[in-house]
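upload_10.csv, holding CSV, C-alpha atoms:
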```csv
chain,number,residue,atom,x,y,z
A,1,MET,CA,97.9,-56.4,-3.1
A,2,GLN,CA,99.6,-54.9,-6.1
A,3,TRP,CA,101.2,-51.5,-6.7
A,4,PRO,CA,101.0,-49.1,-8.5
A,5,LEU,CA,97.4,-48.1,-8.5
A,6,GLY,CA,95.1,-48.8,-11.5
A,7,GLN,CA,95.7,-52.6,-11.5
A,8,SER,CA,92.2,-53.7,-10.5
A,9,LEU,CA,89.7,-55.2,-12.9
A,10,ALA,CA,87.2,-52.5,-12.1
A,11,PHE,CA,89.6,-49.7,-12.9
A,12,LYS,CA,90.9,-51.4,-16.1
A,13,GLN,CA,87.4,-51.9,-17.4
A,14,TYR,CA,86.5,-48.3,-16.6
A,15,ALA,CA,89.7,-47.0,-18.3
A,16,GLU,CA,89.0,-49.0,-21.4
A,17,ARG,CA,85.5,-47.5,-21.7
A,18,ARG,CA,86.5,-44.0,-20.9
A,19,PRO,CA,90.3,-43.5,-21.3
A,20,ALA,CA,90.3,-39.7,-20.5
A,21,ASP,CA,88.3,-40.2,-17.3
A,22,GLY,CA,90.5,-43.1,-16.4
A,23,ARG,CA,93.5,-40.8,-16.5
A,24,LEU,CA,91.7,-38.3,-14.3
A,25,LEU,CA,90.8,-41.1,-11.8
A,26,LEU,CA,94.4,-42.4,-11.7
A,27,ILE,CA,95.8,-38.9,-11.0
A,28,ALA,CA,93.2,-38.4,-8.2
A,29,LEU,CA,94.0,-41.7,-6.6
A,30,HIS,CA,97.7,-40.9,-6.5
A,31,ALA,CA,97.0,-37.4,-5.1
A,32,LEU,CA,95.0,-39.1,-2.3
A,33,ALA,CA,97.9,-41.4,-1.5
A,34,LEU,CA,100.2,-38.4,-1.3
A,35,ILE,CA,98.3,-36.6,1.4
A,36,PRO,CA,99.6,-38.3,4.6
A,37,LEU,CA,103.2,-38.0,3.5
A,38,ALA,CA,102.7,-34.4,2.4
A,39,LEU,CA,101.3,-33.5,5.8
A,40,ILE,CA,104.6,-34.5,7.4
A,41,TYR,CA,106.9,-32.3,5.3
A,42,LYS,CA,105.0,-30.0,3.1
A,43,ARG,CA,101.5,-29.0,4.3
A,44,TRP,CA,101.0,-26.9,1.1
A,45,ALA,CA,101.4,-30.1,-0.9
A,46,ALA,CA,98.6,-31.7,1.0
A,47,GLU,CA,96.4,-28.7,0.3
A,48,VAL,CA,97.3,-28.9,-3.4
A,49,SER,CA,96.5,-32.6,-3.4
A,50,CYS,CA,93.1,-32.0,-1.7
A,51,GLY,CA,92.2,-29.2,-4.2
A,52,LEU,CA,93.4,-31.2,-7.2
A,53,ILE,CA,91.2,-34.1,-6.3
A,54,GLY,CA,88.2,-31.8,-6.0
A,55,VAL,CA,88.9,-30.2,-9.4
A,56,LEU,CA,89.4,-33.6,-11.1
A,57,PHE,CA,86.1,-34.7,-9.5
A,58,LEU,CA,84.3,-31.7,-10.9
A,59,VAL,CA,85.8,-32.3,-14.4
A,60,HIS,CA,84.7,-36.0,-14.1
A,61,SER,CA,81.2,-34.9,-13.1
A,62,LEU,CA,81.0,-32.5,-16.0
A,63,ARG,CA,82.3,-35.1,-18.5
A,64,SER,CA,80.0,-37.9,-17.3
A,65,GLY,CA,77.0,-35.6,-16.6
A,66,ASN,CA,76.6,-37.2,-13.2
A,67,TRP,CA,75.8,-34.7,-10.5
A,68,GLN,CA,73.8,-37.0,-8.2
A,69,TRP,CA,76.3,-36.3,-5.4
A,70,LEU,CA,75.0,-32.8,-5.1
A,71,ARG,CA,71.8,-34.3,-3.6
A,72,SER,CA,73.7,-35.8,-0.7
A,73,PRO,CA,72.6,-34.0,2.5
A,74,PRO,CA,76.2,-33.5,3.8
A,75,VAL,CA,77.2,-32.0,0.4
A,76,MET,CA,74.2,-29.8,0.2
A,77,ILE,CA,74.6,-28.5,3.8
A,78,GLY,CA,78.4,-28.1,3.3
A,79,LEU,CA,78.0,-26.1,0.1
A,80,ALA,CA,75.3,-24.0,1.7
A,81,ILE,CA,77.7,-23.2,4.6
A,82,SER,CA,80.4,-22.2,2.1
A,83,VAL,CA,78.0,-19.8,0.3
A,84,TYR,CA,77.0,-18.4,3.7
A,85,LEU,CA,80.6,-17.8,4.8
A,86,ILE,CA,81.6,-16.1,1.6
A,87,PHE,CA,78.6,-13.9,0.9
A,88,ILE,CA,77.2,-13.1,4.3
A,89,VAL,CA,79.8,-13.7,7.1
A,90,THR,CA,82.8,-12.2,5.2
A,91,PRO,CA,81.3,-8.9,4.3
A,92,MET,CA,80.3,-8.3,7.9
A,93,ALA,CA,83.5,-9.5,9.4
A,94,LEU,CA,85.8,-7.3,11.5
A,95,ASP,CA,88.6,-8.2,9.1
A,96,PRO,CA,86.9,-9.2,5.8
A,97,LEU,CA,90.2,-10.3,4.1
A,98,ALA,CA,91.1,-12.7,6.9
A,99,SER,CA,87.6,-14.1,6.8
A,100,LEU,CA,87.6,-14.5,3.1
A,101,SER,CA,90.9,-16.3,3.1
A,102,ARG,CA,89.4,-19.0,5.3
A,103,SER,CA,85.9,-18.9,3.8
A,104,ALA,CA,87.0,-19.3,0.2
A,105,ALA,CA,88.9,-22.5,1.2
A,106,TRP,CA,85.9,-24.2,2.9
A,107,TRP,CA,84.4,-25.5,-0.4
A,108,ARG,CA,87.4,-27.6,-1.2
A,109,PHE,CA,86.7,-29.8,1.9
A,110,ILE,CA,83.2,-30.5,0.8
A,111,ILE,CA,84.2,-31.3,-2.8
A,112,PHE,CA,87.0,-33.4,-1.5
A,113,PHE,CA,84.6,-35.4,0.7
A,114,ALA,CA,82.2,-35.9,-2.2
A,115,ALA,CA,85.1,-37.0,-4.5
A,116,VAL,CA,86.3,-39.7,-2.0
A,117,VAL,CA,82.8,-40.9,-1.1
A,118,TYR,CA,81.1,-40.8,-4.5
A,119,TRP,CA,83.9,-41.4,-6.9
A,120,LEU,CA,87.2,-42.8,-5.6
A,121,SER,CA,85.6,-45.2,-3.1
A,122,ASP,CA,83.9,-47.1,-6.0
A,123,TYR,CA,87.3,-48.6,-6.7
A,124,GLN,CA,87.7,-50.7,-3.5
A,125,GLU,CA,91.0,-52.4,-4.5
A,126,GLU,CA,92.7,-49.1,-5.2
A,127,MET,CA,91.4,-47.7,-1.9
A,128,GLN,CA,92.7,-50.7,0.0
A,129,ARG,CA,96.1,-50.3,-1.6
A,130,ILE,CA,96.1,-46.6,-0.6
A,131,CYS,CA,95.1,-47.5,3.0
A,132,VAL,CA,98.0,-50.0,3.2
A,133,TRP,CA,100.4,-47.3,1.9
A,134,MET,CA,99.0,-44.8,4.3
A,135,LEU,CA,99.3,-47.3,7.2
A,136,PHE,CA,103.0,-47.8,6.2
A,137,ILE,CA,103.6,-44.1,6.4
A,138,VAL,CA,101.8,-43.8,9.8
A,139,CYS,CA,103.8,-46.8,11.1
A,140,LEU,CA,107.1,-45.1,10.1
A,141,VAL,CA,106.0,-41.9,11.9
A,142,THR,CA,105.1,-44.0,15.0
A,143,VAL,CA,108.5,-45.8,14.9
A,144,ASP,CA,110.3,-42.5,14.4
A,145,THR,CA,108.4,-41.1,17.4
A,146,TYR,CA,109.5,-43.9,19.7
A,147,ILE,CA,113.1,-43.6,18.5
A,148,GLN,CA,113.0,-39.9,19.3
A,149,TYR,CA,111.6,-40.7,22.7
A,150,VAL,CA,114.3,-43.3,23.5
A,151,THR,CA,117.4,-41.7,21.9
A,152,GLY,CA,116.5,-38.0,22.0
A,153,MET,CA,116.7,-37.7,18.2
A,154,SER,CA,114.4,-39.1,15.5
A,155,LEU,CA,115.7,-40.9,12.4
A,156,THR,CA,114.9,-37.8,10.4
A,157,GLY,CA,117.2,-35.7,12.6
A,158,ARG,CA,114.6,-34.0,14.8
A,159,LEU,CA,115.9,-33.3,18.3
A,160,LYS,CA,113.5,-34.1,21.1
A,161,PRO,CA,112.1,-30.9,22.8
A,162,SER,CA,112.2,-30.7,26.5
A,163,HIS,CA,108.6,-31.8,27.2
A,164,ARG,CA,107.1,-33.0,23.9
A,165,LEU,CA,107.8,-35.1,20.9
A,166,THR,CA,107.8,-34.1,17.2
A,167,GLY,CA,108.6,-37.4,15.4
A,168,PRO,CA,109.7,-36.5,11.9
A,169,MET,CA,107.9,-33.2,12.0
A,170,THR,CA,109.2,-29.7,12.7
A,171,LYS,CA,106.3,-28.8,14.9
A,172,LEU,CA,104.8,-30.4,18.0
A,173,VAL,CA,102.0,-32.0,16.1
A,174,VAL,CA,103.0,-35.7,15.8
A,175,GLY,CA,100.3,-36.8,18.3
A,176,ILE,CA,97.4,-35.1,16.6
A,177,TYR,CA,98.8,-36.4,13.2
A,178,LEU,CA,98.7,-40.0,14.5
A,179,ALA,CA,95.3,-39.5,16.0
A,180,LYS,CA,93.6,-38.0,13.0
A,181,VAL,CA,95.3,-40.1,10.2
A,182,SER,CA,95.6,-43.5,11.8
A,183,PHE,CA,92.1,-43.9,13.1
A,184,PRO,CA,90.2,-43.9,9.8
A,185,ILE,CA,92.9,-45.9,8.0
A,186,LEU,CA,93.0,-48.6,10.6
A,187,GLY,CA,89.2,-48.6,10.7
A,188,MET,CA,88.9,-49.2,7.0
A,189,LEU,CA,91.6,-51.9,7.0
A,190,LEU,CA,90.1,-53.6,10.0
A,191,TYR,CA,86.7,-53.6,8.2
A,192,GLU,CA,88.3,-55.3,5.2
A,193,ALA,CA,90.1,-57.8,7.4
A,194,TRP,CA,86.9,-58.8,9.2
A,195,VAL,CA,84.9,-59.2,6.1
A,196,THR,CA,87.5,-61.5,4.6
A,197,ASN,CA,88.0,-63.3,7.9
A,198,ARG,CA,91.8,-62.6,8.1
A,199,ARG,CA,92.3,-63.1,11.8
A,200,ARG,CA,96.0,-62.4,11.9
A,201,SER,CA,95.4,-59.0,10.2
A,202,ILE,CA,92.7,-58.3,12.7
A,203,TRP,CA,95.0,-58.9,15.7
A,204,LEU,CA,97.8,-56.8,13.9
A,205,TYR,CA,95.5,-53.8,13.5
A,206,PHE,CA,94.3,-53.9,17.1
A,207,ILE,CA,98.0,-54.0,18.2
A,208,LEU,CA,98.8,-51.1,15.9
A,209,VAL,CA,96.0,-49.1,17.4
A,210,THR,CA,97.3,-49.7,20.8
A,211,ALA,CA,100.9,-48.9,19.8
A,212,MET,CA,99.9,-45.6,18.3
A,213,MET,CA,97.8,-44.7,21.4
A,214,ALA,CA,100.9,-45.2,23.5
A,215,ALA,CA,103.0,-43.0,21.1
A,216,ILE,CA,100.4,-40.3,21.3
A,217,ALA,CA,100.5,-40.5,25.1
A,218,LEU,CA,104.3,-40.2,25.1
A,219,SER,CA,104.1,-37.2,22.7
A,220,ASN,CA,102.4,-35.3,25.6
A,221,GLU,CA,99.7,-33.8,23.3
A,222,ARG,CA,96.7,-33.6,25.6
A,223,THR,CA,94.0,-32.9,23.0
A,224,ALA,CA,95.3,-35.7,20.7
A,225,LEU,CA,95.3,-38.3,23.4
A,226,ILE,CA,91.8,-37.3,24.7
A,227,THR,CA,90.3,-37.4,21.2
A,228,TYR,CA,92.0,-40.7,20.4
A,229,ILE,CA,90.8,-42.3,23.6
A,230,ALA,CA,87.4,-40.9,23.1
A,231,GLY,CA,87.3,-42.4,19.6
A,232,LEU,CA,88.4,-45.8,21.0
A,233,ALA,CA,85.8,-45.6,23.7
A,234,VAL,CA,83.0,-44.8,21.4
A,235,THR,CA,84.0,-47.4,18.8
A,236,GLY,CA,84.7,-50.1,21.4
A,237,GLY,CA,81.4,-49.3,23.2
A,238,LEU,CA,79.4,-49.6,20.0
A,239,MET,CA,81.1,-52.8,19.0
A,240,PHE,CA,80.6,-54.3,22.5
A,241,TRP,CA,76.9,-53.3,22.5
A,242,PHE,CA,75.9,-54.3,19.0
A,243,LEU,CA,78.3,-57.0,18.1
A,244,LYS,CA,78.4,-59.8,20.7
A,245,PRO,CA,81.0,-62.0,18.9
A,246,ALA,CA,83.6,-59.1,19.3
A,247,ARG,CA,83.1,-58.6,23.1
A,248,LYS,CA,86.1,-60.7,24.2
A,249,LEU,CA,88.4,-59.0,21.8
A,250,VAL,CA,87.2,-55.5,22.7
A,251,LEU,CA,87.5,-56.3,26.4
A,252,LEU,CA,91.0,-57.7,26.0
A,253,PHE,CA,92.4,-54.7,24.2
A,254,SER,CA,90.5,-52.2,26.3
A,255,VAL,CA,92.2,-53.7,29.4
A,256,LEU,CA,95.5,-53.7,27.6
A,257,GLN,CA,95.2,-50.1,26.6
A,258,VAL,CA,94.2,-48.9,30.1
A,259,GLY,CA,97.1,-50.9,31.5
A,260,ILE,CA,99.6,-49.3,29.1
A,261,LEU,CA,98.3,-45.8,29.9
A,262,TYR,CA,98.6,-46.5,33.6
A,263,ALA,CA,102.1,-47.8,33.2
A,264,ILE,CA,103.1,-44.6,31.3
A,265,TYR,CA,101.5,-42.5,34.0
A,266,LEU,CA,103.5,-44.3,36.7
A,267,THR,CA,106.9,-44.2,34.9
A,268,GLN,CA,106.8,-40.9,33.0
A,269,GLY,CA,107.2,-37.7,35.0
A,270,GLN,CA,106.2,-35.4,32.1
A,271,PHE,CA,103.0,-37.4,31.5
A,272,GLN,CA,102.2,-37.2,35.2
A,273,SER,CA,102.8,-33.5,35.1
A,274,ARG,CA,100.5,-33.1,32.1
A,275,ILE,CA,97.7,-35.1,33.8
A,276,SER,CA,98.2,-33.1,37.0
A,277,ASP,CA,98.0,-29.9,35.1
A,278,SER,CA,94.8,-31.1,33.3
A,279,MET,CA,93.2,-32.1,36.6
A,280,HIS,CA,94.1,-28.7,38.1
A,281,GLN,CA,92.5,-26.9,35.2
A,282,VAL,CA,89.4,-29.0,35.5
A,283,GLY,CA,89.2,-28.4,39.3
A,284,GLY,CA,89.6,-24.6,38.8
A,285,PHE,CA,88.0,-24.5,35.3
A,286,GLY,CA,86.4,-21.1,35.8
A,287,SER,CA,89.7,-19.3,36.0
A,288,SER,CA,91.6,-21.5,33.5
A,289,PRO,CA,92.7,-20.2,30.1
A,290,TYR,CA,90.1,-22.5,28.3
A,291,ALA,CA,87.3,-21.1,30.4
A,292,GLN,CA,88.4,-17.5,29.6
A,293,LEU,CA,88.5,-18.3,25.9
A,294,TRP,CA,85.0,-19.9,26.0
A,295,LYS,CA,83.7,-16.9,27.9
A,296,ALA,CA,85.3,-14.6,25.3
A,297,SER,CA,83.6,-16.6,22.6
A,298,TRP,CA,80.2,-16.3,24.3
A,299,GLU,CA,80.6,-12.6,24.8
A,300,ILE,CA,81.6,-12.1,21.1
A,301,TRP,CA,78.6,-14.1,20.1
A,302,LYS,CA,76.2,-12.0,22.2
A,303,THR,CA,77.5,-8.9,20.5
A,304,HIS,CA,77.3,-10.5,17.0
A,305,PRO,CA,74.6,-13.2,17.4
A,306,LEU,CA,73.6,-13.8,13.7
A,307,THR,CA,76.8,-13.8,11.7
A,308,GLY,CA,79.6,-13.6,14.2
A,309,VAL,CA,82.8,-11.6,13.7
A,310,GLY,CA,84.1,-13.6,10.7
A,311,LEU,CA,86.4,-16.6,10.3
A,312,MET,CA,89.8,-16.1,11.9
A,313,ASN,CA,88.5,-12.9,13.6
A,314,PHE,CA,88.3,-14.2,17.1
A,315,ARG,CA,91.9,-13.0,17.4
A,316,GLU,CA,90.7,-9.5,16.4
A,317,ALA,CA,87.7,-9.4,18.9
A,318,CYS,CA,89.2,-11.0,22.0
A,319,PRO,CA,91.9,-8.4,22.8
A,320,ASP,CA,89.2,-5.7,23.1
A,321,LEU,CA,87.3,-7.9,25.7
A,322,MET,CA,90.5,-8.3,27.7
A,323,ALA,CA,91.2,-4.6,27.6
A,324,ARG,CA,87.7,-4.0,29.0
A,325,GLY,CA,88.3,-6.6,31.7
A,326,ALA,CA,85.6,-8.9,30.5
A,327,VAL,CA,88.2,-11.8,30.2
A,328,ALA,CA,91.6,-12.4,31.6
A,329,TYR,CA,93.2,-14.3,28.7
A,330,CYS,CA,93.2,-14.3,24.9
A,331,ASP,CA,94.5,-16.5,22.1
A,332,LEU,CA,94.2,-16.9,18.4
A,333,HIS,CA,91.1,-19.1,18.6
A,334,SER,CA,88.6,-20.5,21.0
A,335,HIS,CA,90.2,-23.9,21.5
A,336,ASN,CA,86.7,-25.3,21.0
A,337,LEU,CA,85.3,-26.1,17.6
A,338,TYR,CA,81.7,-25.3,18.5
A,339,MET,CA,82.4,-22.1,20.5
A,340,GLU,CA,84.7,-21.0,17.6
A,341,TRP,CA,81.9,-21.4,15.0
A,342,LEU,CA,79.4,-19.7,17.3
A,343,SER,CA,81.6,-16.6,17.8
A,344,GLU,CA,83.0,-16.4,14.3
A,345,THR,CA,79.9,-17.4,12.2
A,346,GLY,CA,77.0,-16.7,14.5
A,347,ILE,CA,74.1,-18.9,15.3
A,348,ILE,CA,73.4,-19.5,11.6
A,349,GLY,CA,76.9,-20.9,10.9
A,350,PHE,CA,76.8,-22.9,14.2
A,351,ALA,CA,73.5,-24.4,13.3
A,352,GLY,CA,74.8,-25.3,9.9
A,353,VAL,CA,77.8,-27.2,11.3
A,354,VAL,CA,75.6,-29.1,13.7
A,355,MET,CA,73.3,-30.1,10.9
A,356,LEU,CA,76.4,-31.2,8.8
A,357,LEU,CA,77.6,-33.4,11.6
A,358,PHE,CA,74.1,-35.0,12.2
A,359,SER,CA,73.7,-35.6,8.4
A,360,LEU,CA,77.0,-37.6,8.5
A,361,ILE,CA,75.9,-39.6,11.5
A,362,TYR,CA,72.5,-40.2,9.9
A,363,ILE,CA,74.1,-41.6,6.7
A,364,ILE,CA,76.4,-43.9,8.7
A,365,ALA,CA,73.5,-45.1,11.0
A,366,ARG,CA,71.2,-45.7,8.0
A,367,HIS,CA,73.9,-47.7,6.2
A,368,ILE,CA,74.5,-49.9,9.3
A,369,ARG,CA,70.8,-50.4,9.9
A,370,PHE,CA,69.9,-51.5,6.4
A,371,ALA,CA,73.1,-53.4,5.6
A,372,ALA,CA,72.8,-57.1,4.9
A,373,ALA,CA,73.8,-59.4,7.7
A,374,GLN,CA,76.9,-60.6,5.8
A,375,HIS,CA,78.2,-57.1,5.7
A,376,TYR,CA,78.5,-56.7,9.4
A,377,ILE,CA,82.2,-56.3,10.0
A,378,LEU,CA,82.5,-58.7,13.0
A,379,LEU,CA,80.4,-61.5,11.6
A,380,PRO,CA,83.6,-63.7,11.0
A,381,PHE,CA,84.0,-64.0,14.8
A,382,GLY,CA,80.6,-65.6,15.1
```
Render the structure in this file as structure tokens.
Amino acid sequence: MQWPLGQSLAFKQYAERRPADGRLLLIALHALALIPLALIYKRWAAEVSCGLIGVLFLVHSLRSGNWQWLRSPPVMIGLAISVYLIFIVTPMALDPLASLSRSAAWWRFIIFFAAVVYWLSDYQEEMQRICVWMLFIVCLVTVDTYIQYVTGMSLTGRLKPSHRLTGPMTKLVVGIYLAKVSFPILGMLLYEAWVTNRRRSIWLYFILVTAMMAAIALSNERTALITYIAGLAVTGGLMFWFLKPARKLVLLFSVLQVGILYAIYLTQGQFQSRISDSMHQVGGFGSSPYAQLWKASWEIWKTHPLTGVGLMNFREACPDLMARGAVAYCDLHSHNLYMEWLSETGIIGFAGVVMLLFSLIYIIARHIRFAAAQHYILLPFG
């Protein structure tokens, strides 16, 4: 693959026909490639990149007169949620300014989604190059995390905290970074490798998935590890059920991953302690901080059933419940996406988010169902 971006035949033909739009597209592609690196050092740069891509996409839509993406169910539902948050939830929030600051930013995620799905993804070679670049960044983060674990200091000069890992980051978020960023990147690259029957790349990507899972486990981020394992389990289960030629490969790496996790559990005291703490919380869940936060969310929703207390307002409502003895613990948020949306946006916002998720699932399922046989990603193993 070549670098920089804009070298594919599809891009060159488009840029020749529409030079101005070609420049917009090239800027957007580079902004997309910047996001995983920006998330490590400058989160505001990632926010700017996301917003810039959305603005460029709107300009492109205006210049081309193509607004078909607005008819996409996820986009329609997402924009409806944005309007609801700004004009209904925010005015009724306990702290309207806090709610507005989060509500006003919601639209950019929907426009960013539309830009990637209905604009940038049309240029597959550029997207593949971006995925390879992103994978390079994620691999560097993974290596840096392992080095920090072994030596006590990362290559970027970050000292290892007493019980967690940071990798190249200042905060204890390397595990969730690897979980969120690596999964879609490796998924897209694995798809491309299967379609083109590049067996060595397929094995490499499965090995990288396993290596990153181990790094997440060593980071001692419980939520990151649980979500990553859940993602692997769902993906592996679907592959095993629907794609028979892949069953041996799925079983092999599933056994390998379980074995690695078990070895980490046997040899790493901090990981054992984290698992023990998790089991203790599950056993006594009713009195755990998580149960108290979920209870607080439920109590807040019962008091504000339609519109909730406003985004970022759980932190305003929870202390009052604790003062009255309704709950024994409070935090900044519910530590559960659905309970947070229920308490902060009410039953209407909660229903909207559920509809948004199901609309995405429907589109994916519909694409798989009606895809031609040669597009099934594991066909080369047949």
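Distance check against Ser61 of chain A using all atoms listed in the file: of A:Ala114, A:Arg199, A:Leu34, A:Gly78, the minimum falls on A:Ala114.
Between atom CA of Leu218 of chain A and atom CA of Leu261 of chain A the separation is 9.5 Å.
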Excluding segment 176-192 of chain A and any residue of its chain fewer than 6 positions from it, enumerate the residues within 10 Å of it, using only C-alpha atoms, and give them as a PDB file with C-alpha atoms, in the coordinates of the input.
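Output contents, as saved in part01.pdb:
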```pdb
ATOM      1  CA  ILE A  35      98.300 -36.600   1.400  1.00  0.00           C
ATOM      2  CA  PRO A  36      99.600 -38.300   4.600  1.00  0.00           C
ATOM      3  CA  LEU A  39     101.300 -33.500   5.800  1.00  0.00           C
ATOM      4  CA  ILE A  40     104.600 -34.500   7.400  1.00  0.00           C
ATOM      5  CA  GLN A 124      87.700 -50.700  -3.500  1.00  0.00           C
ATOM      6  CA  MET A 127      91.400 -47.700  -1.900  1.00  0.00           C
ATOM      7  CA  GLN A 128      92.700 -50.700   0.000  1.00  0.00           C
ATOM      8  CA  ARG A 129      96.100 -50.300  -1.600  1.00  0.00           C
ATOM      9  CA  ILE A 130      96.100 -46.600  -0.600  1.00  0.00           C
ATOM     10  CA  CYS A 131      95.100 -47.500   3.000  1.00  0.00           C
ATOM     11  CA  VAL A 132      98.000 -50.000   3.200  1.00  0.00           C
ATOM     12  CA  TRP A 133     100.400 -47.300   1.900  1.00  0.00           C
ATOM     13  CA  MET A 134      99.000 -44.800   4.300  1.00  0.00           C
ATOM     14  CA  LEU A 135      99.300 -47.300   7.200  1.00  0.00           C
ATOM     15  CA  ILE A 137     103.600 -44.100   6.400  1.00  0.00           C
ATOM     16  CA  VAL A 138     101.800 -43.800   9.800  1.00  0.00           C
ATOM     17  CA  CYS A 139     103.800 -46.800  11.100  1.00  0.00           C
ATOM     18  CA  VAL A 141     106.000 -41.900  11.900  1.00  0.00           C
ATOM     19  CA  THR A 142     105.100 -44.000  15.000  1.00  0.00           C
ATOM     20  CA  MET A 169     107.900 -33.200  12.000  1.00  0.00           C
ATOM     21  CA  ARG A 198      91.800 -62.600   8.100  1.00  0.00           C
ATOM     22  CA  ARG A 199      92.300 -63.100  11.800  1.00  0.00           C
ATOM     23  CA  SER A 201      95.400 -59.000  10.200  1.00  0.00           C
ATOM     24  CA  ILE A 202      92.700 -58.300  12.700  1.00  0.00           C
ATOM     25  CA  TRP A 203      95.000 -58.900  15.700  1.00  0.00           C
ATOM     26  CA  LEU A 204      97.800 -56.800  13.900  1.00  0.00           C
ATOM     27  CA  TYR A 205      95.500 -53.800  13.500  1.00  0.00           C
ATOM     28  CA  PHE A 206      94.300 -53.900  17.100  1.00  0.00           C
ATOM     29  CA  LEU A 208      98.800 -51.100  15.900  1.00  0.00           C
ATOM     30  CA  VAL A 209      96.000 -49.100  17.400  1.00  0.00           C
ATOM     31  CA  MET A 212      99.900 -45.600  18.300  1.00  0.00           C
ATOM     32  CA  MET A 213      97.800 -44.700  21.400  1.00  0.00           C
ATOM     33  CA  ALA A 215     103.000 -43.000  21.100  1.00  0.00           C
ATOM     34  CA  ILE A 216     100.400 -40.300  21.300  1.00  0.00           C
ATOM     35  CA  SER A 219     104.100 -37.200  22.700  1.00  0.00           C
ATOM     36  CA  GLU A 221      99.700 -33.800  23.300  1.00  0.00           C
ATOM     37  CA  ARG A 222      96.700 -33.600  25.600  1.00  0.00           C
ATOM     38  CA  THR A 223      94.000 -32.900  23.000  1.00  0.00           C
ATOM     39  CA  ALA A 224      95.300 -35.700  20.700  1.00  0.00           C
ATOM     40  CA  LEU A 225      95.300 -38.300  23.400  1.00  0.00           C
ATOM     41  CA  ILE A 226      91.800 -37.300  24.700  1.00  0.00           C
ATOM     42  CA  THR A 227      90.300 -37.400  21.200  1.00  0.00           C
ATOM     43  CA  TYR A 228      92.000 -40.700  20.400  1.00  0.00           C
ATOM     44  CA  ILE A 229      90.800 -42.300  23.600  1.00  0.00           C
ATOM     45  CA  GLY A 231      87.300 -42.400  19.600  1.00  0.00           C
ATOM     46  CA  LEU A 232      88.400 -45.800  21.000  1.00  0.00           C
ATOM     47  CA  THR A 235      84.000 -47.400  18.800  1.00  0.00           C
ATOM     48  CA  HIS A 375      78.200 -57.100   5.700  1.00  0.00           C
ATOM     49  CA  TYR A 376      78.500 -56.700   9.400  1.00  0.00           C
ATOM     50  CA  ILE A 377      82.200 -56.300  10.000  1.00  0.00           C
ATOM     51  CA  LEU A 378      82.500 -58.700  13.000  1.00  0.00           C
TER      52      LEU A 378
END
```
Review point. Expressed in Å to a single decimal, how great is the separation between atom CA of Arg274 of chain A and atom CA of Leu321 of chain A?
Key: 29.2 Å
**Study point:** Two-atom distance - atom CA of Ile348 of chain A, atom CA of Arg324 of chain A (Å)
**Key:**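 A separation of 27.3 Å between them.
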**Study point:** Counting all atoms listed in the file, the residue of A:Gln292, A:Lys12, A:Ala115, A:Gln148 that sits nearest Ile53 of chain A
**Key:** A:Ala115
